[in-house]
>>> print(open('model.cif').read())   # mmCIF, C-alpha atoms and all ligand atoms
data_run
#
loop_
_atom_site.label_atom_id
_atom_site.label_comp_id
_atom_site.auth_asym_id
_atom_site.auth_seq_id
_atom_site.Cartn_x
_atom_site.Cartn_y
_atom_site.Cartn_z
CA MET A 1 107.84 83.28 98.63
CA ASP A 2 108.06 85.78 95.78
CA PRO A 3 107.92 84.22 92.33
CA ASN A 4 111.03 84.10 90.22
CA VAL A 5 109.63 84.81 86.77
CA PRO A 6 111.51 86.57 83.95
CA SER A 7 109.75 89.55 82.37
CA GLU A 8 109.17 87.74 79.05
CA ARG A 9 107.01 85.23 80.94
CA LEU A 10 105.06 87.78 83.00
CA SER A 11 101.99 87.59 80.79
CA GLU A 12 101.86 83.78 80.99
CA PHE A 13 102.39 83.98 84.75
CA ILE A 14 99.50 86.44 85.18
CA ARG A 15 97.11 84.52 82.95
CA GLY A 16 97.51 81.27 84.87
CA MET A 17 97.73 82.78 88.35
CA PRO A 18 94.88 81.85 90.76
CA LYS A 19 92.94 84.99 91.70
CA ALA A 20 90.08 86.35 93.79
CA GLU A 21 87.58 88.71 92.12
CA LEU A 22 86.21 90.92 94.92
CA HIS A 23 85.00 94.02 93.11
CA LEU A 24 82.67 93.07 90.30
CA HIS A 25 79.15 94.29 89.60
CA VAL A 26 77.29 91.45 87.96
CA GLU A 27 75.16 93.94 86.00
CA GLY A 28 78.47 95.33 84.72
CA THR A 29 79.21 92.01 83.02
CA LEU A 30 76.28 92.44 80.63
CA GLU A 31 77.96 92.35 77.22
CA PRO A 32 76.22 94.34 74.44
CA GLU A 33 75.39 91.13 72.57
CA MET A 34 73.56 89.70 75.59
CA ALA A 35 71.87 93.05 76.26
CA PHE A 36 70.42 93.14 72.73
CA ALA A 37 69.40 89.45 72.92
CA LEU A 38 67.62 89.92 76.27
CA ALA A 39 65.94 93.10 75.02
CA ARG A 40 64.50 91.07 72.13
CA ARG A 41 63.54 88.13 74.34
CA ASN A 42 61.80 90.32 76.91
CA GLY A 43 60.27 92.82 74.49
CA VAL A 44 62.14 95.73 76.10
CA GLU A 45 63.49 98.66 74.11
CA ILE A 46 67.01 99.91 74.87
CA PRO A 47 66.75 103.70 74.32
CA PRO A 48 68.20 104.51 70.86
CA ASP A 49 70.99 106.79 72.17
CA VAL A 50 72.08 104.07 74.63
CA ALA A 51 71.93 101.40 71.91
CA ASP A 52 74.13 103.63 69.70
CA ALA A 53 76.60 104.16 72.53
CA LEU A 54 76.75 100.40 73.12
CA ARG A 55 77.37 99.64 69.45
CA SER A 56 80.01 102.32 69.02
CA GLY A 57 81.64 101.94 72.45
CA ARG A 58 81.26 105.71 72.98
CA PRO A 59 83.68 106.80 75.74
CA PHE A 60 82.52 107.87 79.20
CA THR A 61 83.29 111.32 80.60
CA ASP A 62 82.94 110.42 84.29
CA LEU A 63 81.24 107.99 86.69
CA GLN A 64 77.75 109.42 86.11
CA SER A 65 77.97 109.12 82.32
CA PHE A 66 78.75 105.43 82.84
CA LEU A 67 76.01 104.90 85.43
CA ASP A 68 73.39 106.37 83.07
CA ARG A 69 74.28 103.79 80.41
CA TYR A 70 74.68 100.97 82.93
CA TYR A 71 71.23 101.48 84.50
CA ALA A 72 69.60 101.84 81.07
CA CYS A 73 71.12 98.53 79.91
CA SER A 74 70.27 96.77 83.19
CA SER A 75 66.61 97.33 82.31
CA VAL A 76 66.71 94.36 79.90
CA LEU A 77 67.14 92.00 82.88
CA ARG A 78 63.70 90.78 83.88
CA THR A 79 63.44 87.14 84.89
CA GLU A 80 65.20 84.76 87.23
CA GLN A 81 66.55 82.99 84.14
CA ASP A 82 68.03 86.30 82.84
CA PHE A 83 69.96 86.80 86.08
CA PHE A 84 71.08 83.18 86.05
CA GLU A 85 72.39 83.43 82.47
CA LEU A 86 74.14 86.74 83.19
CA ALA A 87 76.03 85.35 86.19
CA GLN A 88 76.67 82.01 84.50
CA ALA A 89 78.31 83.72 81.51
CA TYR A 90 80.42 85.88 83.82
CA LEU A 91 81.55 82.97 86.00
CA LEU A 92 82.62 80.98 82.94
CA ARG A 93 84.78 83.92 81.81
CA ALA A 94 86.14 84.41 85.31
CA ALA A 95 87.16 80.76 85.59
CA ALA A 96 89.04 81.12 82.29
CA ASP A 97 90.92 84.07 83.87
CA GLY A 98 92.07 81.94 86.80
CA VAL A 99 89.47 83.24 89.28
CA ILE A 100 88.89 80.65 92.02
CA ARG A 101 86.95 82.90 94.42
CA ALA A 102 84.41 85.51 93.25
CA GLU A 103 82.32 87.89 95.38
CA MET A 104 79.82 89.59 93.09
CA PHE A 105 77.83 92.76 93.75
CA PHE A 106 74.25 93.01 92.61
CA ASP A 107 72.03 96.14 92.65
CA PRO A 108 68.50 95.04 93.65
CA GLN A 109 67.22 98.62 93.78
CA SER A 110 67.87 99.24 90.10
CA HIS A 111 65.64 96.23 89.33
CA ALA A 112 63.00 97.02 91.99
CA ALA A 113 62.41 100.30 90.15
CA ARG A 114 61.05 98.09 87.30
CA GLY A 115 58.94 95.97 89.64
CA ILE A 116 61.38 93.06 89.86
CA GLU A 117 61.53 91.50 93.31
CA ALA A 118 64.79 90.97 95.14
CA GLY A 119 63.98 87.24 95.30
CA THR A 120 63.90 86.96 91.49
CA VAL A 121 67.37 88.51 91.25
CA ILE A 122 68.87 86.56 94.15
CA ARG A 123 67.47 83.16 93.12
CA GLY A 124 68.85 83.50 89.58
CA LEU A 125 72.28 84.68 90.72
CA SER A 126 72.58 82.09 93.47
CA ARG A 127 71.76 79.27 91.05
CA ALA A 128 74.72 80.38 88.91
CA CYS A 129 76.94 80.49 92.03
CA ARG A 130 75.99 76.92 92.98
CA GLU A 131 76.64 75.71 89.45
CA ALA A 132 80.07 77.43 89.40
CA LYS A 133 81.03 75.71 92.64
CA ASP A 134 80.53 72.34 90.95
CA ARG A 135 83.14 73.50 88.41
CA GLY A 136 85.67 74.61 91.04
CA LEU A 137 84.91 78.34 91.29
CA ASP A 138 83.69 79.39 94.72
CA ALA A 139 81.26 82.28 94.20
CA ALA A 140 79.24 84.43 96.61
CA LEU A 141 76.98 87.50 96.48
CA LEU A 142 77.12 91.00 98.00
CA LEU A 143 73.96 93.11 97.97
CA SER A 144 74.84 96.68 97.07
CA PHE A 145 72.78 99.72 98.07
CA LEU A 146 72.49 102.64 95.64
CA ARG A 147 73.84 105.70 97.41
CA HIS A 148 71.94 108.20 95.24
CA LEU A 149 68.74 106.85 96.84
CA ASP A 150 67.81 107.51 100.47
CA GLU A 151 68.13 105.57 103.72
CA LYS A 152 64.46 104.57 103.69
CA ALA A 153 64.83 102.93 100.28
CA ALA A 154 67.91 101.05 101.49
CA PHE A 155 66.03 99.75 104.56
CA GLU A 156 63.14 98.60 102.34
CA THR A 157 65.54 96.78 100.04
CA LEU A 158 67.19 95.07 102.98
CA GLU A 159 63.81 93.90 104.29
CA GLN A 160 62.88 92.49 100.87
CA ALA A 161 66.18 90.62 100.69
CA LEU A 162 66.12 89.19 104.21
CA PRO A 163 64.07 86.09 103.34
CA PHE A 164 67.14 85.20 101.21
CA ARG A 165 69.68 86.11 103.91
CA ASP A 166 71.48 82.80 103.52
CA GLN A 167 72.16 83.55 99.85
CA PHE A 168 74.32 86.68 100.26
CA ILE A 169 77.31 87.19 102.51
CA GLY A 170 77.45 90.95 102.81
CA VAL A 171 76.47 94.39 101.62
CA GLY A 172 78.14 97.22 99.70
CA LEU A 173 77.47 100.81 98.70
CA ASP A 174 77.76 101.99 95.09
CA SER A 175 76.43 104.44 92.45
CA SER A 176 77.01 108.23 92.33
CA GLU A 177 79.62 109.00 94.97
CA ARG A 178 79.91 112.80 94.99
CA GLY A 179 77.31 114.39 97.25
CA ASN A 180 76.31 111.03 98.73
CA PRO A 181 78.58 110.52 101.77
CA PRO A 182 78.65 107.28 103.75
CA GLU A 183 76.92 109.00 106.70
CA LYS A 184 73.61 108.70 104.80
CA PHE A 185 73.68 104.93 105.40
CA ALA A 186 75.06 104.69 108.95
CA ARG A 187 71.92 103.09 110.39
CA VAL A 188 71.36 100.67 107.50
CA PHE A 189 74.92 99.42 107.77
CA ALA A 190 74.60 99.11 111.57
CA ARG A 191 71.57 96.88 111.02
CA CYS A 192 73.46 94.84 108.41
CA ARG A 193 76.37 94.33 110.79
CA SER A 194 73.94 93.21 113.51
CA LEU A 195 72.66 90.59 111.06
CA GLY A 196 76.19 89.24 110.69
CA LEU A 197 76.61 90.55 107.15
CA HIS A 198 80.02 91.64 105.89
CA THR A 199 80.26 95.31 104.92
CA VAL A 200 82.19 97.03 102.14
CA ALA A 201 81.75 100.42 100.47
CA HIS A 202 82.86 102.27 97.37
CA ALA A 203 84.82 105.29 98.55
CA GLY A 204 87.54 107.54 97.20
CA GLU A 205 86.80 106.72 93.55
CA GLU A 206 85.51 110.20 92.61
CA GLY A 207 84.73 111.21 96.18
CA PRO A 208 87.22 112.77 98.63
CA PRO A 209 89.40 110.93 101.17
CA GLU A 210 86.90 111.92 103.89
CA TYR A 211 84.46 109.42 102.35
CA ILE A 212 87.01 106.64 102.89
CA GLN A 213 87.35 107.69 106.51
CA GLY A 214 83.54 107.77 106.81
CA ALA A 215 83.20 104.33 105.24
CA LEU A 216 85.53 102.94 107.93
CA ASP A 217 84.27 104.91 110.93
CA VAL A 218 80.56 105.27 110.17
CA LEU A 219 79.78 102.17 108.10
CA GLY A 220 82.35 99.80 109.62
CA ALA A 221 83.47 98.85 106.11
CA GLU A 222 85.85 95.88 106.13
CA ARG A 223 87.14 96.67 102.64
CA ILE A 224 87.19 99.86 100.57
CA ASP A 225 86.19 99.57 96.92
CA HIS A 226 88.54 101.76 94.83
CA GLY A 227 89.98 104.01 97.56
CA VAL A 228 92.57 105.45 95.18
CA ARG A 229 92.04 109.01 96.43
CA CYS A 230 93.40 108.02 99.87
CA LEU A 231 96.77 109.19 98.54
CA GLU A 232 95.63 112.78 99.04
CA ASP A 233 95.69 112.27 102.82
CA PRO A 234 98.94 110.91 104.32
CA ALA A 235 97.34 110.28 107.73
CA LEU A 236 94.65 108.16 106.06
CA VAL A 237 97.29 106.22 104.12
CA ALA A 238 99.09 105.50 107.41
CA ARG A 239 95.82 104.29 108.95
CA LEU A 240 94.93 102.05 105.99
CA ARG A 241 98.41 100.53 106.04
CA ALA A 242 98.50 99.97 109.82
CA ALA A 243 95.05 98.34 109.86
CA ARG A 244 95.73 96.47 106.60
CA ILE A 245 92.38 97.64 105.18
CA PRO A 246 91.99 96.05 101.75
CA LEU A 247 91.57 98.37 98.75
CA THR A 248 89.92 96.71 95.75
CA VAL A 249 91.40 98.69 92.88
CA CYS A 250 90.07 98.55 89.31
CA PRO A 251 92.61 100.03 86.87
CA LEU A 252 90.64 99.75 83.61
CA SER A 253 87.58 101.26 85.30
CA ASN A 254 89.65 104.18 86.62
CA VAL A 255 90.97 104.96 83.15
CA ARG A 256 87.60 104.60 81.39
CA LEU A 257 85.81 106.74 84.01
CA ARG A 258 88.57 109.37 83.90
CA VAL A 259 89.64 108.91 87.53
CA CYS A 260 93.05 109.02 85.83
CA ASP A 261 93.81 110.04 82.24
CA ARG A 262 95.92 107.11 81.08
CA MET A 263 96.97 103.75 82.51
CA GLU A 264 100.52 105.13 82.67
CA ASP A 265 99.26 107.72 85.20
CA HIS A 266 97.43 105.24 87.44
CA PRO A 267 98.33 105.60 91.15
CA LEU A 268 98.78 101.82 91.60
CA PRO A 269 102.59 101.97 92.01
CA ARG A 270 102.22 104.66 94.68
CA LEU A 271 99.57 102.60 96.51
CA LEU A 272 101.90 99.59 96.49
CA GLU A 273 104.92 101.64 97.57
CA ALA A 274 102.85 102.96 100.47
CA GLY A 275 102.48 99.36 101.66
CA LEU A 276 98.70 99.26 101.20
CA ALA A 277 96.73 96.01 100.89
CA VAL A 278 95.84 96.51 97.22
CA SER A 279 94.28 93.86 95.02
CA LEU A 280 93.16 94.21 91.40
CA HIS A 281 89.61 93.74 90.13
CA SER A 282 87.43 94.45 87.12
CA ASP A 283 84.38 96.46 88.36
CA ASP A 284 82.18 96.46 85.20
CA PRO A 285 84.24 94.54 82.66
CA ALA A 286 81.68 94.54 79.83
CA TYR A 287 81.88 98.35 79.83
CA PHE A 288 85.57 98.93 80.57
CA GLY A 289 87.33 96.85 77.95
CA GLY A 290 88.47 93.81 79.85
CA TYR A 291 88.03 91.19 82.55
CA LEU A 292 90.40 90.44 85.42
CA ASN A 293 93.42 89.26 83.44
CA GLN A 294 93.25 92.36 81.23
CA ASN A 295 93.31 94.52 84.35
CA TYR A 296 96.48 92.78 85.53
CA LEU A 297 98.11 92.66 82.09
CA GLN A 298 97.42 96.26 81.10
CA ALA A 299 98.28 97.69 84.53
CA CYS A 300 101.50 95.66 84.85
CA SER A 301 102.59 96.53 81.32
CA ALA A 302 101.85 100.29 81.47
CA LEU A 303 103.17 100.70 85.03
CA ARG A 304 106.16 98.34 84.64
CA LEU A 305 105.12 96.11 87.52
CA ASP A 306 106.79 92.70 87.84
CA ALA A 307 105.67 89.19 88.76
CA ALA A 308 106.43 89.73 92.45
CA GLN A 309 104.05 92.72 92.49
CA ALA A 310 101.34 90.83 90.57
CA TYR A 311 101.71 87.92 92.98
CA ARG A 312 101.52 90.29 95.98
CA MET A 313 98.23 91.75 94.70
CA ALA A 314 96.74 88.29 94.09
CA ARG A 315 97.79 87.32 97.61
CA ASN A 316 96.18 90.48 99.00
CA GLY A 317 92.99 89.46 97.20
CA PHE A 318 92.84 86.09 98.94
CA GLU A 319 93.68 87.74 102.27
CA ALA A 320 90.76 90.15 101.77
CA ALA A 321 88.21 87.54 100.68
CA PHE A 322 85.26 86.81 102.98
CA VAL A 323 86.10 83.17 103.61
CA GLY A 324 86.90 81.16 106.73
CA ALA A 325 90.45 80.59 107.95
CA GLN A 326 90.73 77.08 106.48
CA GLU A 327 89.44 78.13 103.08
CA ARG A 328 91.78 81.14 103.03
CA GLN A 329 94.70 78.83 103.79
CA ARG A 330 93.65 76.55 100.93
CA LEU A 331 93.38 79.50 98.50
CA LEU A 332 96.77 80.91 99.54
CA GLU A 333 98.38 77.49 99.21
CA ARG A 334 97.06 77.18 95.67
CA LEU A 335 98.62 80.53 94.79
CA GLU A 336 101.89 79.60 96.45
CA ALA A 337 102.04 76.23 94.69
CA TYR A 338 101.37 77.92 91.35
CA SER A 339 104.04 80.54 91.91
CA GLY A 340 106.57 77.88 92.93
CA SER A 341 105.82 75.71 89.90
CA MET A 342 106.23 78.68 87.51
CA GLY A 343 109.57 79.53 89.11
CA ASP A 344 110.78 75.93 88.61
CA ARG A 345 109.97 76.08 84.89
CA ARG A 346 112.35 78.96 84.19
N1 LIG B 401 78.19 100.73 90.05
C1 LIG B 401 78.75 99.94 89.13
N2 LIG B 401 80.03 100.31 88.95
C2 LIG B 401 80.29 101.33 89.80
C3 LIG B 401 81.42 102.13 90.09
N3 LIG B 401 82.60 101.97 89.48
N4 LIG B 401 81.30 103.10 91.02
C4 LIG B 401 80.13 103.30 91.63
N5 LIG B 401 79.04 102.58 91.39
C5 LIG B 401 79.11 101.60 90.49
ZN ZN B 402 82.47 99.23 91.63
#
>>> encode(input="model.cif", output="structure tokens", more="lines below")
Ligand code: ADE
Ligand code: ZN
Amino acid sequence: MDPNVPSERLSEFIRGMPKAELHLHVEGTLEPEMAFALARRNGVEIPPDVADALRSGRPFTDLQSFLDRYYACSSVLRTEQDFFELAQAYLLRAAADGVIRAEMFFDPQSHAARGIEAGTVIRGLSRACREAKDRGLDAALLLSFLRHLDEKAAFETLEQALPFRDQFIGVGLDSSERGNPPEKFARVFARCRSLGLHTVAHAGEEGPPEYIQGALDVLGAERIDHGVRCLEDPALVARLRAARIPLTVCPLSNVRLRVCDRMEDHPLPRLLEAGLAVSLHSDDPAYFGGYLNQNYLQACSALRLDAAQAYRMARNGFEAAFVGAQERQRLLERLEAYSGSMGDRR
């Protein structure tokens, strides 16, 4: 049932609403303060131009300008304890934003380049996930392949991660999209599917609608991360709607990485009007000016979306989560109960 919440209580409704975070790079939750502290602790130097950019919050010009800073900062992460503290800090923030299910990407290849084994990363992150569960936040991990690297590197990464197979639920595909089509990773994803791993892929963020099609047809992606450029292809929109393919949309990221100029220009209303299974997420919140609630609040305010639309997106998030039927029912019931109780308090 749609919530009955007056506009002056929309912000309160959003803040307290139970949510699923499905598009979040754990390395993208590294706040500047923690980056500088870990650099000191590990005796690593953040390059001076990157340190300046972090201090001043210098704007990004596109995805690549962000990735350059993001990989440079990720280099301060060295030990299992670093990864644990990173994820622990994020999960505490997420819980405060009403997140009750989190599926977090991690980029083992960016750490392998510094000689850090996949096991070090996975053990630290999984410890934080277990701890969060004790506090009522159900968290899981998705291993993400870097698409600017080649298929061989992806296969090697998968092999290194397989001893920890029980500690991640699926795989994704991220990094520089243009010029790196999904077809590059067809065989790696086929192997992942044969291992029973869930599959998702970034597509249609900066790349063309054909990459969304490829992610579905070639990689067997169950969800599309971003996907906003699907609107350029009406036949693709019809397909995404008919198959109810989830799109994990990140409004603050899209504005900061110049996918759109201003929040007021974001395609979210058009995606919703097209009947697509859109949910909102935060991508790399330490770099983009806000965590999950800020994505909801700023998008809803700039785009004049109401409580029913916010509720619909939260519902879509739980429907898209990689959980069993019983758990999904429990998550949806929590959202429904919340929405009902807010309506009663009018
Ligand atoms: N890695 C971290 N954030 C990303 C994004 N928004 N797109 C592609 N790769 C990423
Ligand atoms: Zn992303």
>>> residues_near_ligand(input="model.cif", ligand="ligand ZN 402 (chain B)", cutoff="9 Å", atoms="all atoms listed in the file", output="ChimeraX atom specification")
/A:23-25,28,105,173-175,201-202,205,225-226,248,250,253,282-284
>>> axis_aligned_box(input="model.cif", around="ligand LIG 401 (chain B)", padding_each_side="4 Å", output="AutoDock Vina command-line options")
--center_x 80.4 --center_y 101.6 --center_z 90.3 --size_x 12.4 --size_y 11.4 --size_z 10.7
>>> closest_residue(input="model.cif", among="A:Val259, A:Leu195, A:Ala238, A:Ala95", to="ligand LIG 401 (chain B)", atoms="only C-alpha atoms and all ligand atoms")
A:Val259
>>> closest_residue(input="model.cif", among="A:Asp150, A:Asp68, A:Glu273, A:Glu222", to="ligand LIG 401 (chain B)", atoms="all atoms listed in the file")
A:Asp68
>>> closest_residue(input="model.cif", among="A:Leu257, A:Ala96, A:Leu297, A:Ala277", to="ligand LIG 401 (chain B)", atoms="only C-alpha atoms and all ligand atoms")
A:Leu257
>>> residues_around(input="model.cif", residues="Phe168 (chain A)", least_positions_apart="5", cutoff="10 Å", atoms="only C-alpha atoms", output="short mmCIF file (atom, residue, chain, number, x, y, z; two decimals) with C-alpha atoms, in the coordinates of the input")
data_model
loop_
_atom_site.label_atom_id
_atom_site.label_comp_id
_atom_site.auth_asym_id
_atom_site.auth_seq_id
_atom_site.Cartn_x
_atom_site.Cartn_y
_atom_site.Cartn_z
CA GLU A 103 82.32 87.89 95.38
CA MET A 104 79.82 89.59 93.09
CA PHE A 105 77.83 92.76 93.75
CA PHE A 106 74.25 93.01 92.61
CA ILE A 122 68.87 86.56 94.15
CA LEU A 125 72.28 84.68 90.72
CA SER A 126 72.58 82.09 93.47
CA ALA A 140 79.24 84.43 96.61
CA LEU A 141 76.98 87.50 96.48
CA LEU A 142 77.12 91.00 98.00
CA LEU A 143 73.96 93.11 97.97
CA ALA A 161 66.18 90.62 100.69
CA LEU A 162 66.12 89.19 104.21
CA LEU A 197 76.61 90.55 107.15
CA HIS A 198 80.02 91.64 105.89
#
>>> residues_near_point(input="model.cif", point="(90.5, 94.8, 81.8)", cutoff="12 Å", atoms="only C-alpha atoms", output="number ranges by chain")
A: 24, 29, 94, 97, 249-256, 263, 280-300
>>> closest_residue(input="model.cif", among="A:Ile46, A:Asp166, A:Asp138, A:Leu149", to="Tyr70 (chain A)", atoms="all atoms listed in the file")
A:Ile46
>>> decode(input="model.cif", residues="region 284-294 of chain A", atoms="all heavy atoms", output="PDB file, in the first residue's frame")
ATOM      1  N   ASP A 284      29.765   5.740  -4.396  1.00  0.00           N
ATOM      2  CA  ASP A 284      31.027   6.033  -3.684  1.00  0.00           C
ATOM      3  C   ASP A 284      30.786   7.238  -2.782  1.00  0.00           C
ATOM      4  O   ASP A 284      31.257   8.356  -3.074  1.00  0.00           O
ATOM      5  CB  ASP A 284      32.140   6.344  -4.701  1.00  0.00           C
ATOM      6  CG  ASP A 284      32.340   5.190  -5.673  1.00  0.00           C
ATOM      7  OD1 ASP A 284      32.962   4.192  -5.271  1.00  0.00           O
ATOM      8  OD2 ASP A 284      31.822   5.278  -6.802  1.00  0.00           O
ATOM      9  N   PRO A 285      30.043   7.045  -1.708  1.00  0.00           N
ATOM     10  CA  PRO A 285      29.514   8.197  -0.965  1.00  0.00           C
ATOM     11  C   PRO A 285      30.561   9.127  -0.378  1.00  0.00           C
ATOM     12  O   PRO A 285      30.307  10.328  -0.251  1.00  0.00           O
ATOM     13  CB  PRO A 285      28.665   7.555   0.147  1.00  0.00           C
ATOM     14  CG  PRO A 285      29.107   6.131   0.219  1.00  0.00           C
ATOM     15  CD  PRO A 285      29.586   5.757  -1.149  1.00  0.00           C
ATOM     16  N   ALA A 286      31.766   8.613  -0.063  1.00  0.00           N
ATOM     17  CA  ALA A 286      32.774   9.504   0.515  1.00  0.00           C
ATOM     18  C   ALA A 286      33.253  10.525  -0.525  1.00  0.00           C
ATOM     19  O   ALA A 286      33.798  11.566  -0.167  1.00  0.00           O
ATOM     20  CB  ALA A 286      33.962   8.690   1.038  1.00  0.00           C
ATOM     21  N   TYR A 287      33.038  10.218  -1.800  1.00  0.00           N
ATOM     22  CA  TYR A 287      33.514  11.103  -2.872  1.00  0.00           C
ATOM     23  C   TYR A 287      32.397  11.957  -3.473  1.00  0.00           C
ATOM     24  O   TYR A 287      32.677  12.912  -4.189  1.00  0.00           O
ATOM     25  CB  TYR A 287      34.129  10.266  -3.994  1.00  0.00           C
ATOM     26  CG  TYR A 287      35.408   9.556  -3.597  1.00  0.00           C
ATOM     27  CD1 TYR A 287      35.375   8.297  -2.986  1.00  0.00           C
ATOM     28  CD2 TYR A 287      36.651  10.154  -3.809  1.00  0.00           C
ATOM     29  CE1 TYR A 287      36.547   7.642  -2.626  1.00  0.00           C
ATOM     30  CE2 TYR A 287      37.824   9.513  -3.455  1.00  0.00           C
ATOM     31  CZ  TYR A 287      37.761   8.255  -2.862  1.00  0.00           C
ATOM     32  OH  TYR A 287      38.927   7.626  -2.500  1.00  0.00           O
ATOM     33  N   PHE A 288      31.140  11.558  -3.239  1.00  0.00           N
ATOM     34  CA  PHE A 288      30.047  12.196  -3.980  1.00  0.00           C
ATOM     35  C   PHE A 288      29.125  13.039  -3.111  1.00  0.00           C
ATOM     36  O   PHE A 288      28.050  13.445  -3.542  1.00  0.00           O
ATOM     37  CB  PHE A 288      29.236  11.138  -4.753  1.00  0.00           C
ATOM     38  CG  PHE A 288      30.045  10.351  -5.760  1.00  0.00           C
ATOM     39  CD1 PHE A 288      29.704   9.038  -6.085  1.00  0.00           C
ATOM     40  CD2 PHE A 288      31.157  10.921  -6.379  1.00  0.00           C
ATOM     41  CE1 PHE A 288      30.445   8.308  -7.010  1.00  0.00           C
ATOM     42  CE2 PHE A 288      31.912  10.198  -7.310  1.00  0.00           C
ATOM     43  CZ  PHE A 288      31.556   8.888  -7.620  1.00  0.00           C
ATOM     44  N   GLY A 289      29.536  13.278  -1.867  1.00  0.00           N
ATOM     45  CA  GLY A 289      28.789  14.241  -1.062  1.00  0.00           C
ATOM     46  C   GLY A 289      27.586  13.696  -0.323  1.00  0.00           C
ATOM     47  O   GLY A 289      26.732  14.494   0.090  1.00  0.00           O
ATOM     48  N   GLY A 290      27.496  12.383  -0.149  1.00  0.00           N
ATOM     49  CA  GLY A 290      26.385  11.924   0.672  1.00  0.00           C
ATOM     50  C   GLY A 290      26.147  10.428   0.589  1.00  0.00           C
ATOM     51  O   GLY A 290      26.453   9.791  -0.430  1.00  0.00           O
ATOM     52  N   TYR A 291      25.593   9.908   1.677  1.00  0.00           N
ATOM     53  CA  TYR A 291      25.269   8.477   1.788  1.00  0.00           C
ATOM     54  C   TYR A 291      23.830   8.259   1.291  1.00  0.00           C
ATOM     55  O   TYR A 291      23.275   9.105   0.589  1.00  0.00           O
ATOM     56  CB  TYR A 291      25.536   8.007   3.227  1.00  0.00           C
ATOM     57  CG  TYR A 291      27.039   7.890   3.478  1.00  0.00           C
ATOM     58  CD1 TYR A 291      27.846   9.018   3.634  1.00  0.00           C
ATOM     59  CD2 TYR A 291      27.665   6.647   3.473  1.00  0.00           C
ATOM     60  CE1 TYR A 291      29.220   8.911   3.817  1.00  0.00           C
ATOM     61  CE2 TYR A 291      29.042   6.527   3.656  1.00  0.00           C
ATOM     62  CZ  TYR A 291      29.814   7.664   3.833  1.00  0.00           C
ATOM     63  OH  TYR A 291      31.170   7.544   3.995  1.00  0.00           O
ATOM     64  N   LEU A 292      23.244   7.144   1.625  1.00  0.00           N
ATOM     65  CA  LEU A 292      21.985   6.764   0.966  1.00  0.00           C
ATOM     66  C   LEU A 292      20.855   7.771   1.217  1.00  0.00           C
ATOM     67  O   LEU A 292      20.124   8.134   0.288  1.00  0.00           O
ATOM     68  CB  LEU A 292      21.586   5.344   1.393  1.00  0.00           C
ATOM     69  CG  LEU A 292      20.426   4.740   0.602  1.00  0.00           C
ATOM     70  CD1 LEU A 292      20.608   4.845  -0.902  1.00  0.00           C
ATOM     71  CD2 LEU A 292      20.232   3.277   0.986  1.00  0.00           C
ATOM     72  N   ASN A 293      20.693   8.203   2.457  1.00  0.00           N
ATOM     73  CA  ASN A 293      19.595   9.139   2.707  1.00  0.00           C
ATOM     74  C   ASN A 293      19.763  10.435   1.920  1.00  0.00           C
ATOM     75  O   ASN A 293      18.785  11.016   1.450  1.00  0.00           O
ATOM     76  CB  ASN A 293      19.471   9.449   4.200  1.00  0.00           C
ATOM     77  CG  ASN A 293      18.712   8.344   4.933  1.00  0.00           C
ATOM     78  OD1 ASN A 293      18.142   7.460   4.292  1.00  0.00           O
ATOM     79  ND2 ASN A 293      18.716   8.382   6.258  1.00  0.00           N
ATOM     80  N   GLN A 294      20.992  10.899   1.771  1.00  0.00           N
ATOM     81  CA  GLN A 294      21.217  12.125   0.991  1.00  0.00           C
ATOM     82  C   GLN A 294      20.848  11.909  -0.477  1.00  0.00           C
ATOM     83  O   GLN A 294      20.352  12.829  -1.135  1.00  0.00           O
ATOM     84  CB  GLN A 294      22.677  12.579   1.112  1.00  0.00           C
ATOM     85  CG  GLN A 294      22.963  13.320   2.391  1.00  0.00           C
ATOM     86  CD  GLN A 294      22.015  14.520   2.590  1.00  0.00           C
ATOM     87  OE1 GLN A 294      21.772  15.295   1.676  1.00  0.00           O
ATOM     88  NE2 GLN A 294      21.481  14.635   3.794  1.00  0.00           N
TER      89      GLN A 294
END
